[in-house]
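First the structure, in the form of C-alpha cells, and then the observations on it.
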Amino acid sequence: MRDAAANARALRAPLAPSLLAFAVAFGLAAPLAAQERGQPADADKAAVLDAVSVTATRKVEDAKEVPIAVSAISADRLDIAGSGGEDIRFLASRLPSLNIESSFGRAFPRFYVRGLGNTDFDVNASQPVSLVYDDVVLENPILKGFPAFDLDQVELLRGPQGTLFGRNTPAGVVKFNSALPDEVFGGYGQLALGRFDSVNVEGAVGGPINEAWRTRFSFLSQSRNDWVDNTGGGPNSDLEGYDEQAARWQLQYVGTEGFDALFNIHARKLDGTARLFRANVFVPGTNQLRPDFARDRVSIDGRNEQDLDALGAIAKLRWDFDGYSLHSITGYETVDAFSRGDIDGGFGAVFAPPFGPGLIPFTAESGDGLPSHHQFTQELRLESVNEGPLNWQGGVFYFSENLRIDSFNFDTLAGDVVNGYARQQQENDAWAVFGSVDYDVSEAFTLRGGLRYTHDEKEFTAERTQSPLSFLGIGPIGPISVSPDDSDVSWDLSGTYRLNEDVNLYGRIARGFRAPSIQGRLLFGDVVSVADSETVLSYELGMKADLFDNRARLNAAIYTYTIDDQQLTAVGGGTNFNTLINADETEGYGFEMDVEAYVTDQLLMTAGVSYNHTEIKDRDLAVQPCGGGCTVLDPVGPVPGTVSIDGNPLPQAPEWIYNLTARYGIPVGDDAEFFVFTDWAYRSEVNFFLYESAEFTGDPLLEAGLRVGYRWNYGLYEIAAFGRNIFDEQEAVGGIDFNNLTGFVNEPRVYGVELSIWF
C-alpha cells in the first residue's frame, strides 16, 4: 500500500505546477462571484470582476492603487475552504507565499510569509507575521488561532509593514475583517455533516435596530468524534476529536452628525486533543513514512488533552471633522489555555519494557498552560479627508500584555504524576508614534512614505521549582529575571505609476523590525535566552492590472530582502531545550503572481504562484542536531556536538507555492444553478528545523478540494457535497527531534454534505 501511495504522490506532485502554469498561461482566475443573492442576473450583461477593496493602508482603497503586495480571499472562498471543519491552517498555500503549521493542533498556528516565521512552540513565542483581527493585533500565538467565521475577507500583506502596523511585522500581516452589521435585516445559516461524525454549524443574523443603530450576531460550532484508535494502553483510547464554539456580537452606531461607532464582543471555547505525535514514524535515512503507518492508529501511553477559553472586546470610534477624521481603536483580549500531550509518541521505554513503536529511549509527557493572560491595545489615528493631491495620516499606539505560563512534566510510568514544574511571567509594554503621507506628483504618479518610532520593553521572570531530572541531581533554579528593551524607527517609501487606465506599476522600499524576544522554558534547561531585535530591509517591484474589460485581473511582484540579526529558535535537539539565537544575516528573494478571470460567463478561476528563496548567512552559527538518530546533512560546527547552519534555508519555508480554483456553473431555469467547484494547494518540500537531515524534511504536499452543488431561488439556498484533501494525501508536516524519529502528519480526507440558507 505504501508503494502505491508513493507512486500516486509522485504522479500528482508534478501535476500541481503544470496545472498552475496552464492556468496562468490562459489568464485564468477569479474568486467565487455571483449576482447579488435574491436578485435575478442580467442575462444580457457579460460577467465582469468587481473591484477588490482592501484595508492594507488602514483605510479602504482599491487594491490596484495600493503599492503593497496584497492578496485577498473573499467570504465565499473562505466558506468553501473551511467546510470540512478545519481550523485557521486551511489558509496555508491558499495565497502566494503563505504557509501555516502547528505542533499544538487547533490552538497555536504558526504563520510564515516569504519564508519568514518562527518554529518556536513556547506559548510566549514571538512571531514575525502579525495577525490583525478587526483592526486589533493579536500578539500571543494562542490568540492567533481564533476561528475564521462570518468574515468579509482575509487580506495577506507581504513584506515589512512596520509603519502602519508596527513591530513584529517584518514578514507581513494576515488581516481578518469580519462582516459588518447591515442596514437591512438578514443573515445566513449553514449546516455541514461529514466524515468522522463531523458537525459544523455557522450562521449570522442582524440588521437595523432603529435609524441610528445596527447589530449582528454570528456564531460557529464545530465538532468531530474521536477517530484515531490508541493501541498503546494510555488513558485516551480514542483521539483527535474536538468540540469548538465561537461567537461574535457587533453593535454599530451610524450617526448623522459626524460620529460613528462599532462595538465588538467575541469569545471562543475549545475542548479537544493536542497534536498527535508518532514515534519512529520515519524510515531511517529517509523522510518516508513507515510501511505500517496508519493515520487512524497511534500507540501512546500518555494523556492527550487540550482546553481553551478566550474572550475579547473591541471599540472602534470615528469622528468626522472638516477635512479630517479621528479614529480610536480600543482592544482587550484574554485567554486561558492548557495543552498536554505524549511527546515521545510511543509507549514504555527501553528501561521499562514493553516499548514501541520502535526504540523509545525515555518517556516524555508534558503540558503547557496559560492560566493568566491579558492584552490591552489603544490606537488614536488622525487622517485627512480631501480631494487634493496631498493626504496624510498619523497617530499614537499603546500595547500592554501580562501573562503567566505554567509548564509541567509528567512521569507517565508512575501514573502520570507531576515530576517537573516551571513558571514564566512576563509584562510587555510598547508604544509608538507614526505617520504616513501620500502625494499625487502628477495624474500618473503618486508617492507614499511613512515613519514609525517604537519603544518596546519587557519584564520577564522564570523559575523551576521541580526538575524532571532530579534523579541526575538537577534541582530547582531561579527565579531568573531579564528586562530587555529597545527602540527602533521603521519606515517605507513607495511610488505608484499609472501606465494607463488599466495598469499600475509600483516600487516599494520598507524597513521593519521585531522587538527583543525571550525564551525561558526552564523545565529542561537552566538558561533564559534573549534574542536581540531583528531588522529587515526589503525592496519590491510590482504590477497590478485589470484586463479584457475587467474580465481578468493580474497582480505580480518581485522582491528581495536582507535581515540583520534575525531571531531564530534552536528547537529541541539532543538536550530537548529551546534556545534563541541571532543570525548575522539572512537573505531572501523571489516573486509572486496571482490572476483572476472569467474564462467564460460560467467558468471562474483563480491561480497563484510564488517562489521564495531563503538563506542563512552566518559562518559561525551552529546548533545542536537531533538526539534521536536522524541522518544529519550539515557539516560539523565549531563546538563539539553542533552542526553549522550557514547556507541553510529557513525552516518551514517552501520555495514553491501554487494554488488554483475553478468554478463552473450550469444555469437551470431562471433562478437556479448547478455548479462544480475545485481548489488545489501545493507547497514544495520544507525543512522542519534549522539544521538539515534526511528524516526531518517534509515532502511536497498537494491537497485538493471538490464541491458539487445546486443553488436555487437566485442563490438564497444551496445544497452541496464536498470533499477536502480528496486524494487523502498523507505527509509529515513536522517533527520532534530529541528522543526518536517522531513526526506528525497533515489533516485526513474529509467529505460530507452542507446546506446553506441566506435571508
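Here's how to read the names in the C-alpha cells: chain A, B, ... by the order shown, residue numbers from 1 in each chain, ligand numbers from 1 in the order shown.
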- Near Ala681 (chain A), within 8 Å and counting only C-alpha atoms, which residues show up once chain neighbours fewer than 5 positions away are dropped, as a list in words?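 Contacts, with the query itself left out: Ala16, Ser93, Arg94, Ile657, Tyr658, Asn659, Leu660, Leu702, Glu703 and Ala704 of chain A.
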Write the residues of the selection above to a file with C-alpha atoms, as a JSON list (two decimals), in the first residue's frame.
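File produced: out35.json:
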```json
[["chain", "number", "residue", "atom", "x", "y", "z"],
["A", 16, "ALA", "CA", 0.32, 20.98, -9.48],
["A", 93, "SER", "CA", -0.83, 27.74, 0.46],
["A", 94, "ARG", "CA", -4.20, 29.31, -0.47],
["A", 657, "ILE", "CA", 3.63, 27.54, -3.53],
["A", 658, "TYR", "CA", 0.86, 27.09, -6.09],
["A", 659, "ASN", "CA", -2.89, 27.39, -5.77],
["A", 660, "LEU", "CA", -5.74, 27.00, -8.21],
["A", 702, "LEU", "CA", -0.62, 18.69, -2.64],
["A", 703, "GLU", "CA", -4.13, 18.95, -1.22],
["A", 704, "ALA", "CA", -7.25, 19.28, -3.34]]
```
Near Lys617 (chain A), within 8 Å and counting only C-alpha atoms, which residues show up once chain neighbours fewer than 2 positions away are dropped, as an mmCIF file with C-alpha atoms, in the first residue's frame?
```cif
data_model
loop_
_atom_site.group_PDB
_atom_site.id
_atom_site.type_symbol
_atom_site.label_atom_id
_atom_site.label_comp_id
_atom_site.auth_asym_id
_atom_site.auth_seq_id
_atom_site.Cartn_x
_atom_site.Cartn_y
_atom_site.Cartn_z
ATOM 1 C CA ALA A 583 21.902 35.065 12.782
ATOM 2 C CA ASP A 584 24.202 37.767 11.449
ATOM 3 C CA GLU A 585 22.282 37.940 8.193
ATOM 4 C CA THR A 586 19.557 36.162 6.267
ATOM 5 C CA GLU A 587 18.785 36.840 2.627
ATOM 6 C CA GLU A 615 19.392 31.526 3.027
ATOM 7 C CA ARG A 619 29.667 31.182 9.178
ATOM 8 C CA ASP A 646 25.352 28.568 7.357
ATOM 9 C CA GLY A 647 23.733 28.465 3.917
#
```
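When CA of Ser223 (chain A) is paired with CA of Pro147 (chain A), their separation reads 13.1 Å.
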Write out as a list in words each polymer residue whose atoms come within 8 Å of Val184 (chain A), counting only C-alpha atoms; drop sequence neighbours fewer than 6 positions from it.
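Neighbouring residues, sequence-local ones excluded: Gly206, Gly207 and Pro208 of chain A.
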Written selection (C-alpha atoms) as a CSV table (one decimal), in the first residue's frame:
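Saved result, part_2.csv, follows:
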```csv
chain,number,residue,atom,x,y,z
A,206,GLY,CA,-28.7,41.1,12.2
A,207,GLY,CA,-29.9,44.3,10.8
A,208,PRO,CA,-31.2,47.7,11.9
```
Could you check the closest approach to Gln624 (chain A) for each of A:Pro748, A:Pro638, A:Gly172, A:Pro479 and tell me which residue wins, using only C-alpha atoms?
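Among A:Pro748, A:Pro638, A:Gly172, A:Pro479, it is A:Pro638 that comes nearest to Gln624 (chain A).
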* Which is closer to Val632 (chain A) than all the others in A:Leu522, A:Asp737, A:Pro181, A:Phe104, using only C-alpha atoms? ->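 Answer, going by the shortest atom-to-atom distance: A:Asp737.
A straight line drawn from CA of Ala315 (chain A) to CA of Trp431 (chain A) is 19.0 Å long.
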Next on the checklist: With only C-alpha atoms as the counted atoms, please give the residues lying no more than 7 Å from region 402-414 of chain A, apart from itself and same-chain residues fewer than 5 positions off, as a list in words.
Outcome noted: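 My list of contacting residues is Gly302, Thr363, Glu365, Ser366, Gly367, Asp368, Gly369, Leu370, Pro371, Ser372, His373, His374, Gln375, Asn419, Gly420, Tyr421, Ala422, Arg423, Gln424, Gln425, Gln426, Glu427, Asn428 and Pro468 of chain A.
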Next, write the just-selected residues to a file, as a compact mmCIF listing (two decimals), in the first residue's frame, keeping C-alpha atoms as the atom set.
```
# COMPACT_ATOMS: atom_id res chain seq x y z
CA GLY A 302 0.42 9.37 27.95
CA THR A 363 9.33 8.78 28.16
CA GLU A 365 4.90 13.71 28.55
CA SER A 366 4.40 17.42 29.16
CA GLY A 367 1.82 20.16 29.29
CA ASP A 368 1.76 23.93 28.99
CA GLY A 369 -0.85 26.20 30.49
CA LEU A 370 -1.65 29.86 30.06
CA PRO A 371 -3.74 30.44 33.20
CA SER A 372 -3.39 34.21 33.16
CA HIS A 373 -3.26 36.43 30.11
CA HIS A 374 -4.41 39.99 29.42
CA GLN A 375 -3.75 42.18 26.37
CA ASN A 419 7.60 15.36 38.37
CA GLY A 420 8.55 18.72 36.89
CA TYR A 421 7.21 22.27 37.10
CA ALA A 422 8.40 25.63 35.80
CA ARG A 423 6.79 29.05 35.53
CA GLN A 424 7.23 32.07 33.31
CA GLN A 425 5.81 35.54 33.92
CA GLN A 426 6.09 38.45 31.53
CA GLU A 427 4.95 42.05 31.26
CA ASN A 428 5.34 43.66 27.84
CA PRO A 468 12.11 16.10 35.97
```
In Å and to one decimal, CA of Asp150 (chain A) is distant from CA of Ala310 (chain A) by 17.8 Å
